[in-house]
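As stored in query09.pdb (PDB, C-alpha atoms, pLDDT in the B column):
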```
MODEL        1
ATOM      1  CA  MET A 270     128.012 116.143 287.293  1.00 68.00           C
ATOM      2  CA  GLU A 271     124.642 116.138 289.005  1.00 71.00           C
ATOM      3  CA  ASN A 272     121.355 117.715 287.987  1.00 69.00           C
ATOM      4  CA  ILE A 273     118.850 119.407 290.256  1.00 74.00           C
ATOM      5  CA  LEU A 274     117.358 116.100 291.341  1.00 75.00           C
ATOM      6  CA  GLY A 275     120.735 114.756 292.378  1.00 75.00           C
ATOM      7  CA  GLU A 276     121.009 112.321 289.450  1.00 78.00           C
ATOM      8  CA  LYS A 277     124.385 111.813 287.843  1.00 82.00           C
ATOM      9  CA  LEU A 278     124.746 113.240 284.327  1.00 79.00           C
ATOM     10  CA  GLU A 279     127.300 112.324 281.747  1.00 87.00           C
ATOM     11  CA  LEU A 280     129.262 115.036 279.997  1.00 88.00           C
ATOM     12  CA  GLY A 281     127.443 114.456 276.684  1.00 89.00           C
ATOM     13  CA  THR A 282     123.999 114.742 278.279  1.00 87.00           C
ATOM     14  CA  ALA A 283     125.014 117.907 280.110  1.00 86.00           C
ATOM     15  CA  LEU A 284     126.281 119.482 276.868  1.00 92.00           C
ATOM     16  CA  VAL A 285     123.077 118.601 275.005  1.00 93.00           C
ATOM     17  CA  ASP A 286     120.986 120.098 277.819  1.00 90.00           C
ATOM     18  CA  ALA A 287     123.074 123.293 277.779  1.00 93.00           C
ATOM     19  CA  VAL A 288     122.887 123.661 273.992  1.00 96.00           C
ATOM     20  CA  LEU A 289     119.114 123.110 274.008  1.00 96.00           C
ATOM     21  CA  GLY A 290     118.731 125.700 276.774  1.00 96.00           C
ATOM     22  CA  TYR A 291     120.765 128.276 274.848  1.00 97.00           C
ATOM     23  CA  LEU A 292     118.794 127.484 271.673  1.00 97.00           C
ATOM     24  CA  VAL A 293     115.448 128.049 273.416  1.00 97.00           C
ATOM     25  CA  VAL A 294     116.630 131.413 274.784  1.00 97.00           C
ATOM     26  CA  PHE A 295     118.016 132.473 271.387  1.00 97.00           C
ATOM     27  CA  ILE A 296     114.773 131.567 269.583  1.00 97.00           C
ATOM     28  CA  GLY A 297     112.762 133.445 272.204  1.00 97.00           C
ATOM     29  CA  LEU A 298     114.896 136.564 271.755  1.00 97.00           C
ATOM     30  CA  ALA A 299     114.592 136.339 267.963  1.00 97.00           C
ATOM     31  CA  LEU A 300     110.796 136.083 268.197  1.00 97.00           C
ATOM     32  CA  LEU A 301     110.712 139.060 270.556  1.00 97.00           C
ATOM     33  CA  MET A 302     112.839 141.056 268.090  1.00 97.00           C
ATOM     34  CA  TYR A 303     110.414 140.298 265.227  1.00 97.00           C
ATOM     35  CA  VAL A 304     107.410 141.282 267.342  1.00 96.00           C
ATOM     36  CA  ILE A 305     109.054 144.614 268.190  1.00 96.00           C
ATOM     37  CA  ILE A 306     109.878 145.268 264.515  1.00 96.00           C
ATOM     38  CA  ILE A 307     106.297 144.513 263.423  1.00 96.00           C
ATOM     39  CA  VAL A 308     104.788 146.721 266.142  1.00 94.00           C
ATOM     40  CA  GLY A 309     107.182 149.520 265.168  1.00 93.00           C
ATOM     41  CA  LYS A 310     106.135 149.332 261.505  1.00 92.00           C
ATOM     42  CA  VAL A 311     102.450 149.403 262.469  1.00 91.00           C
ATOM     43  CA  MET A 312     103.006 152.494 264.639  1.00 90.00           C
ATOM     44  CA  VAL A 313     104.930 154.283 261.871  1.00 88.00           C
ATOM     45  CA  SER A 314     102.221 153.529 259.311  1.00 87.00           C
ATOM     46  CA  ARG A 315      99.545 154.847 261.699  1.00 85.00           C
ATOM     47  CA  ALA A 316     101.558 158.018 262.291  1.00 80.00           C
ATOM     48  CA  LYS A 317     101.983 158.647 258.552  1.00 78.00           C
ATOM     49  CA  LYS A 318      98.295 158.180 257.730  1.00 73.00           C
ATOM     50  CA  PRO A 319      96.921 161.261 259.607  1.00 66.00           C
ATOM     51  CA  ALA A 320      99.877 163.367 258.430  1.00 56.00           C
ATOM     52  CA  ALA A 321      99.083 162.539 254.808  1.00 55.00           C
ATOM     53  CA  GLU A 322      95.415 163.431 255.297  1.00 57.00           C
ATOM     54  CA  THR A 323      96.180 166.826 256.862  1.00 56.00           C
ATOM     55  CA  ALA A 324      99.008 167.683 254.469  1.00 53.00           C
ATOM     56  CA  ALA A 325      96.845 167.965 251.356  1.00 53.00           C
ATOM     57  CA  PRO A 326      93.263 169.032 252.084  1.00 53.00           C
ATOM     58  CA  ALA A 327      91.238 168.996 248.868  1.00 52.00           C
ATOM     59  CA  SER A 328      88.763 171.750 249.762  1.00 54.00           C
ATOM     60  CA  VAL A 329      91.256 174.584 250.404  1.00 52.00           C
ATOM     61  CA  PRO A 330      91.181 177.113 247.561  1.00 52.00           C
ATOM     62  CA  ALA A 331      94.459 178.485 246.225  1.00 53.00           C
ATOM     63  CA  PRO A 332      95.233 182.057 247.324  1.00 53.00           C
ATOM     64  CA  ALA A 333      94.862 184.745 244.702  1.00 50.00           C
ATOM     65  CA  ALA A 334      98.190 185.811 243.227  1.00 51.00           C
ATOM     66  CA  ALA A 335      97.036 189.414 242.746  1.00 51.00           C
ATOM     67  CA  VAL A 336      96.498 190.062 246.479  1.00 49.00           C
ATOM     68  CA  PRO A 337      99.871 190.548 248.227  1.00 56.00           C
ATOM     69  CA  LYS A 338     100.073 189.407 251.822  1.00 59.00           C
ATOM     70  CA  LYS A 339     101.069 191.947 254.436  1.00 60.00           C
ATOM     71  CA  LEU A 340     104.122 190.923 256.380  1.00 57.00           C
ATOM     72  CA  ALA A 341     104.713 191.747 259.998  1.00 55.00           C
ATOM     73  CA  PRO A 342     106.937 194.760 260.618  1.00 60.00           C
ATOM     74  CA  GLY A 343     110.584 193.703 260.712  1.00 56.00           C
ATOM     75  CA  SER A 344     109.945 190.281 259.154  1.00 61.00           C
ATOM     76  CA  ALA A 345     112.156 188.924 256.398  1.00 62.00           C
ATOM     77  CA  GLY A 346     109.447 187.198 254.329  1.00 67.00           C
ATOM     78  CA  GLU A 347     107.413 184.015 254.315  1.00 78.00           C
ATOM     79  CA  VAL A 348     108.559 180.572 255.397  1.00 79.00           C
ATOM     80  CA  LYS A 349     107.295 177.437 253.665  1.00 83.00           C
ATOM     81  CA  ILE A 350     106.743 174.647 256.183  1.00 84.00           C
ATOM     82  CA  TYR A 351     106.612 171.039 254.924  1.00 83.00           C
ATOM     83  CA  ASP A 352     105.500 168.143 257.175  1.00 83.00           C
ATOM     84  CA  THR A 353     106.356 170.151 260.310  1.00 82.00           C
ATOM     85  CA  ASP A 354     104.228 171.488 263.125  1.00 85.00           C
ATOM     86  CA  PRO A 355     104.254 175.335 263.107  1.00 85.00           C
ATOM     87  CA  ARG A 356     105.228 175.292 266.788  1.00 89.00           C
ATOM     88  CA  ASP A 357     108.247 173.088 265.996  1.00 87.00           C
ATOM     89  CA  ALA A 358     109.207 175.377 263.090  1.00 85.00           C
ATOM     90  CA  ALA A 359     109.086 178.412 265.383  1.00 86.00           C
ATOM     91  CA  MET A 360     111.230 176.576 267.922  1.00 89.00           C
ATOM     92  CA  ILE A 361     113.811 175.721 265.239  1.00 87.00           C
ATOM     93  CA  MET A 362     113.957 179.337 264.059  1.00 86.00           C
ATOM     94  CA  ALA A 363     114.405 180.567 267.635  1.00 88.00           C
ATOM     95  CA  ILE A 364     117.198 178.071 268.297  1.00 91.00           C
ATOM     96  CA  VAL A 365     119.034 179.036 265.099  1.00 89.00           C
ATOM     97  CA  ALA A 366     118.740 182.735 265.941  1.00 87.00           C
ATOM     98  CA  ASP A 367     120.071 182.057 269.451  1.00 89.00           C
ATOM     99  CA  LYS A 368     123.027 179.983 268.204  1.00 91.00           C
ATOM    100  CA  LEU A 369     123.944 182.639 265.616  1.00 90.00           C
ATOM    101  CA  GLN A 370     123.527 185.424 268.195  1.00 88.00           C
ATOM    102  CA  LYS A 371     121.376 187.416 265.747  1.00 85.00           C
ATOM    103  CA  PRO A 372     117.876 188.863 266.101  1.00 82.00           C
ATOM    104  CA  LEU A 373     115.199 186.734 264.471  1.00 78.00           C
ATOM    105  CA  ASN A 374     114.086 189.560 262.183  1.00 76.00           C
ATOM    106  CA  GLU A 375     117.565 189.693 260.592  1.00 79.00           C
ATOM    107  CA  LEU A 376     117.426 186.052 259.510  1.00 80.00           C
ATOM    108  CA  ARG A 377     115.554 184.785 256.451  1.00 81.00           C
ATOM    109  CA  PHE A 378     114.181 181.261 256.508  1.00 83.00           C
ATOM    110  CA  VAL A 379     113.036 180.005 253.106  1.00 83.00           C
ATOM    111  CA  SER A 380     111.597 176.643 254.102  1.00 84.00           C
ATOM    112  CA  ILE A 381     111.573 174.132 256.926  1.00 84.00           C
ATOM    113  CA  LYS A 382     111.063 170.434 256.227  1.00 83.00           C
ATOM    114  CA  GLU A 383     111.146 167.497 258.608  1.00 79.00           C
ATOM    115  CA  VAL A 384     113.693 164.887 257.507  1.00 80.00           C
ATOM    116  CA  LYS A 385     112.419 161.353 258.060  1.00 76.00           C
TER     117      LYS A 385
ENDMDL
END
```

Translate the structure described by the file into structure tokens.
Amino acid sequence: MENILGEKLELGTALVDAVLGYLVVFIGLALLMYVIIIVGKVMVSRAKKPAAETAAPASVPAPAAAVPKKLAPGSAGEVKIYDTDPRDAAMIMAIVADKLQKPLNELRFVSIKEVK
């Protein structure tokens, strides 16, 4: 066997060179995998932080139980939305109504929660 420079290599030297080359590539891929995992965890923790701050505002007073809310004509009641954007909740309700081939005002949604 010959290397790039035209020097003769023995079989043992060629095998050692090949194994070292594969080892360097494998270690590089493993390091890249760990970097991607760490960056992913940082992004998830940043995404959870604003959601936790907006989910439980401390200054919002509780609604009075004696004052009933007026519902829209044809509505089937209130929907409790947990950790979900109201636009996404409306989209989910519209998709369910379309798949069931029923008008939206005939369906009753109790709550919508994002599964993480």

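One distance worth recording is that between atom CA of Asp352 of chain A and atom CA of Ala366 of chain A, which is 21.6 Å.
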
Could you check which residues have any atom within 9 Å of (108.6, 163.7, 258.7), counting all atoms listed in the file with coordinates taken straight from the file, and then list them as JSON, numbers by chain? {"A": [317, 320, 351, 352, 353, 382, 383, 384, 385]}

Convert the current residue selection to file output with C-alpha atoms, as a CSV table (one decimal), in the frame of the given file.
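So part.csv came out as:
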```csv
chain,number,residue,atom,x,y,z
A,317,LYS,CA,102.0,158.6,258.6
A,320,ALA,CA,99.9,163.4,258.4
A,351,TYR,CA,106.6,171.0,254.9
A,352,ASP,CA,105.5,168.1,257.2
A,353,THR,CA,106.4,170.2,260.3
A,382,LYS,CA,111.1,170.4,256.2
A,383,GLU,CA,111.1,167.5,258.6
A,384,VAL,CA,113.7,164.9,257.5
A,385,LYS,CA,112.4,161.4,258.1
```

What gap, in Å, lies between atom CA of Ala287 of chain A and atom CA of Glu271 of chain A? 13.4 Å

Which value, in Å to one decimal, gives the distance between atom CA of Ile350 of chain A and atom CA of Val313 of chain A? 21.2 Å

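Using the PyMOL selection byres ((chain A and resi 376-381) around 6) on the file at hand returns these residues: Ala345, Val348, Lys349, Ile350, Leu373, Asn374, Glu375 and Lys382 of chain A.
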